[in-house]
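S.K.: Take a look at this one; I'll ask things after.
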Amino acid sequence: MPQVFKIGSYWVYFWANENKPLEPVHVHISKGKPTANATKFWITKTGKCLLANNNSEYDSRTLHYLSKAIEANKDIVIEKWLSFFGEITFYC
(Lines give C-alpha, C1' and ligand atoms only; values in the text may rest on other atoms or scores of the structure.)
Protein backbone atom coordinates (compact mmCIF):
# COMPACT_ATOMS: atom_id res chain seq x y z
CA MET A 1 0.00 0.00 0.00
CA PRO A 2 1.56 3.25 -1.12
CA GLN A 3 1.86 5.86 1.59
CA VAL A 4 0.86 9.26 0.23
CA PHE A 5 1.96 11.32 3.24
CA LYS A 6 1.75 11.50 7.03
CA ILE A 7 -0.11 13.91 9.27
CA GLY A 8 1.56 13.55 12.65
CA SER A 9 0.92 9.93 13.65
CA TYR A 10 -1.74 9.43 10.94
CA TRP A 11 -0.85 7.61 7.73
CA VAL A 12 -2.61 8.67 4.51
CA TYR A 13 -2.38 5.89 1.93
CA PHE A 14 -3.92 3.93 -0.95
CA TRP A 15 -4.56 0.21 -1.09
CA ALA A 16 -2.58 -1.32 -3.93
CA ASN A 17 -5.36 -3.79 -4.73
CA GLU A 18 -8.23 -1.37 -5.42
CA ASN A 19 -11.27 -2.83 -7.15
CA LYS A 20 -11.73 -3.26 -10.89
CA PRO A 21 -13.13 -1.09 -12.24
CA LEU A 22 -10.95 1.27 -10.28
CA GLU A 23 -12.80 3.28 -7.63
CA PRO A 24 -12.69 7.08 -7.79
CA VAL A 25 -9.67 8.75 -6.18
CA HIS A 26 -9.68 8.39 -2.40
CA VAL A 27 -7.38 7.89 0.56
CA HIS A 28 -7.46 5.74 3.65
CA ILE A 29 -6.29 7.06 7.02
CA SER A 30 -5.03 5.13 10.03
CA LYS A 31 -3.36 6.18 13.21
CA GLY A 32 -0.09 4.27 13.09
CA LYS A 33 0.11 1.17 10.93
CA PRO A 34 -2.37 0.96 8.02
CA THR A 35 -5.35 -1.33 8.54
CA ALA A 36 -7.96 -2.79 6.24
CA ASN A 37 -10.75 -1.18 8.25
CA ALA A 38 -9.58 2.44 8.04
CA THR A 39 -11.39 5.73 7.63
CA LYS A 40 -11.83 6.69 3.96
CA PHE A 41 -12.13 10.08 2.22
CA TRP A 42 -13.16 10.65 -1.41
CA ILE A 43 -11.47 13.50 -3.29
CA THR A 44 -13.78 15.57 -5.51
CA LYS A 45 -12.93 17.29 -8.80
CA THR A 46 -12.76 20.58 -6.90
CA GLY A 47 -10.24 19.13 -4.42
CA LYS A 48 -12.61 18.85 -1.48
CA CYS A 49 -12.89 15.81 0.78
CA LEU A 50 -16.02 13.81 1.38
CA LEU A 51 -16.06 11.31 4.21
CA ALA A 52 -16.83 7.89 2.73
CA ASN A 53 -16.69 6.08 6.08
CA ASN A 54 -15.34 6.58 9.55
CA ASN A 55 -14.51 2.97 10.37
CA SER A 56 -11.70 4.16 12.65
CA GLU A 57 -14.32 6.06 14.68
CA TYR A 58 -12.40 9.34 14.87
CA ASP A 59 -14.16 12.20 16.64
CA SER A 60 -15.52 15.14 14.63
CA ARG A 61 -12.59 17.42 15.51
CA THR A 62 -10.07 14.86 14.24
CA LEU A 63 -12.09 14.26 11.06
CA HIS A 64 -12.16 18.00 10.38
CA TYR A 65 -8.39 18.27 10.95
CA LEU A 66 -7.68 15.31 8.67
CA SER A 67 -10.00 16.50 5.89
CA LYS A 68 -8.38 19.95 5.86
CA ALA A 69 -4.90 18.38 5.70
CA ILE A 70 -5.96 16.16 2.78
CA GLU A 71 -7.51 19.11 0.95
CA ALA A 72 -4.29 21.09 1.44
CA ASN A 73 -2.36 18.18 -0.13
CA LYS A 74 -4.89 17.27 -2.84
CA ASP A 75 -2.39 17.84 -5.64
CA ILE A 76 -0.01 15.31 -4.09
CA VAL A 77 -2.85 12.80 -3.66
CA ILE A 78 -4.00 13.18 -7.26
CA GLU A 79 -0.47 13.04 -8.66
CA LYS A 80 0.42 9.90 -6.70
CA TRP A 81 -2.89 8.23 -7.55
CA LEU A 82 -2.39 8.82 -11.27
CA SER A 83 1.23 7.71 -11.09
CA PHE A 84 0.40 4.51 -9.19
CA PHE A 85 -2.87 3.45 -10.85
CA GLY A 86 -2.41 5.05 -14.29
CA GLU A 87 -5.96 6.41 -14.43
CA ILE A 88 -8.20 8.64 -12.39
CA THR A 89 -11.89 9.35 -11.89
CA PHE A 90 -13.57 11.45 -9.24
CA TYR A 91 -16.49 10.69 -6.92
CA CYS A 92 -18.16 13.95 -7.94
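The chains in the C-alpha coordinates are called A, B, ... from first to last as shown; in each chain the residues are counted from 1, and the ligands are counted from 1 in the order shown.
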What are the DSSP alpha helix (DSSP H) residues of chain A, as a ChimeraX atom specification?
M.R.: /A:60-72,74-85
S.K.: Identify all residues of segment 32-62 of chain A in strand (DSSP E) (DSSP on the backbone) and supply them as a PyMOL selection string.
M.R.: chain A and resi 39-43+49-53
S.K.: What does the distance from atom CA of Asn37 of chain A to atom CA of Thr89 of chain A come to in Å, to one decimal?
M.R.: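 Between atom CA of Asn37 of chain A and atom CA of Thr89 of chain A the gap works out to 22.8 Å.
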S.K.: Find the residue from A:Asn54, A:Cys92, A:Tyr10, A:Leu63 that sits nearest to Glu23 of chain A; use only C-alpha atoms when measuring.
M.R.: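 Of A:Asn54, A:Cys92, A:Tyr10, A:Leu63, the one nearest Glu23 of chain A is A:Cys92, counting only C-alpha atoms.
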S.K.: From the options A:Pro2, A:Gly86, A:Pro24, A:Pro34, which residue's atoms come nearest to Ala52 of chain A, counting only C-alpha atoms?
M.R.: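 Distance minimum relative to Ala52 of chain A lands on A:Pro24.
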S.K.: Using only C-alpha atoms, which protein or nucleic acid residues come within 12 Å of Lys45 of chain A? Drop anything in the same chain fewer than 5 positions from it, and give the result as a list of chain:residue names.
M.R.: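 After dropping sequence-adjacent residues, the list is A:Pro24, A:Val25, A:His26, A:Leu50, A:Glu71, A:Lys74, A:Asp75, A:Ile78, A:Ile88, A:Thr89, A:Phe90, A:Tyr91, A:Cys92.
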S.K.: Give me a file of those residues, with N, CA and C atoms, as an mmCIF file, in the first residue's frame.
M.R.:
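Below is the file part-v6.cif, written as the result:
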data_model
loop_
_atom_site.group_PDB
_atom_site.id
_atom_site.type_symbol
_atom_site.label_atom_id
_atom_site.label_comp_id
_atom_site.auth_asym_id
_atom_site.auth_seq_id
_atom_site.Cartn_x
_atom_site.Cartn_y
_atom_site.Cartn_z
ATOM 1 N N PRO A 24 -13.161 5.697 -7.680
ATOM 2 C CA PRO A 24 -12.693 7.083 -7.789
ATOM 3 C C PRO A 24 -11.585 7.361 -6.770
ATOM 4 N N VAL A 25 -10.815 8.411 -7.023
ATOM 5 C CA VAL A 25 -9.670 8.746 -6.183
ATOM 6 C C VAL A 25 -10.117 8.941 -4.730
ATOM 7 N N HIS A 26 -9.398 8.300 -3.824
ATOM 8 C CA HIS A 26 -9.681 8.387 -2.398
ATOM 9 C C HIS A 26 -8.437 7.990 -1.612
ATOM 10 N N LEU A 50 -14.746 14.304 0.899
ATOM 11 C CA LEU A 50 -16.021 13.807 1.382
ATOM 12 C C LEU A 50 -15.736 12.548 2.183
ATOM 13 N N GLU A 71 -7.197 18.079 1.937
ATOM 14 C CA GLU A 71 -7.509 19.111 0.952
ATOM 15 C C GLU A 71 -6.286 19.969 0.640
ATOM 16 N N LYS A 74 -4.146 17.964 -1.785
ATOM 17 C CA LYS A 74 -4.888 17.274 -2.845
ATOM 18 C C LYS A 74 -4.068 17.050 -4.102
ATOM 19 N N ASP A 75 -3.207 18.000 -4.437
ATOM 20 C CA ASP A 75 -2.388 17.842 -5.644
ATOM 21 C C ASP A 75 -1.438 16.659 -5.518
ATOM 22 N N ILE A 78 -3.615 13.418 -5.864
ATOM 23 C CA ILE A 78 -4.003 13.181 -7.257
ATOM 24 C C ILE A 78 -2.804 12.744 -8.096
ATOM 25 N N ILE A 88 -7.545 7.951 -13.493
ATOM 26 C CA ILE A 88 -8.197 8.637 -12.387
ATOM 27 C C ILE A 88 -9.622 9.025 -12.753
ATOM 28 N N THR A 89 -10.522 8.837 -11.815
ATOM 29 C CA THR A 89 -11.889 9.349 -11.891
ATOM 30 C C THR A 89 -12.181 9.973 -10.536
ATOM 31 N N PHE A 90 -13.219 10.781 -10.484
ATOM 32 C CA PHE A 90 -13.572 11.453 -9.244
ATOM 33 C C PHE A 90 -14.963 11.038 -8.801
ATOM 34 N N TYR A 91 -15.185 11.054 -7.507
ATOM 35 C CA TYR A 91 -16.487 10.687 -6.920
ATOM 36 C C TYR A 91 -17.560 11.651 -7.409
ATOM 37 N N CYS A 92 -17.243 12.930 -7.411
ATOM 38 C CA CYS A 92 -18.162 13.949 -7.936
ATOM 39 C C CYS A 92 -17.376 15.204 -8.255
#
S.K.: Which distance in Å separates atom CA of His64 of chain A and atom CA of Glu87 of chain A, to one decimal?
M.R.: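 Computed distance, atom CA of His64 of chain A to atom CA of Glu87 of chain A, equals 28.1 Å.
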S.K.: Considering only C-alpha atoms, can you say which of A:Ser83, A:Thr46, A:Ser60, A:Asn73 comes closest to Lys6 of chain A?
M.R.: A:Asn73
S.K.: Name the closest residue to His28 of chain A among the candidates A:Asn55, A:Thr62, A:Thr44, A:Ser9; distances are taken between atoms, counting only C-alpha atoms.
M.R.: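 The answer is A:Asn55, which sits nearest to His28 of chain A.
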S.K.: From the list A:Phe41, A:Phe85, A:Tyr65, A:Tyr58, which residue is nearest Val12 of chain A when using only C-alpha atoms?
M.R.: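 Of A:Phe41, A:Phe85, A:Tyr65, A:Tyr58, the one nearest Val12 of chain A, counting only C-alpha atoms, is A:Phe41.
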S.K.: Using Å and a single decimal, report how far atom CA of Trp42 of chain A sits from atom CA of Leu22 of chain A.
M.R.: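 So the two atoms, atom CA of Leu22 of chain A and atom CA of Trp42 of chain A, lie 13.1 Å apart.
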S.K.: Nearest residue to Ile7 of chain A out of A:Thr35, A:Asn53, A:Asn19, A:Ser67, using only C-alpha atoms?
M.R.: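 Between A:Thr35, A:Asn53, A:Asn19, A:Ser67, the residue approaching Ile7 of chain A most closely is A:Ser67.
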S.K.: Contacts of Ala36 of chain A at 12 Å or less, counting only C-alpha atoms, minus same-chain residues fewer than 6 places along, as a ChimeraX atom specification?
M.R.: /A:1,13-18,28-30,55-56
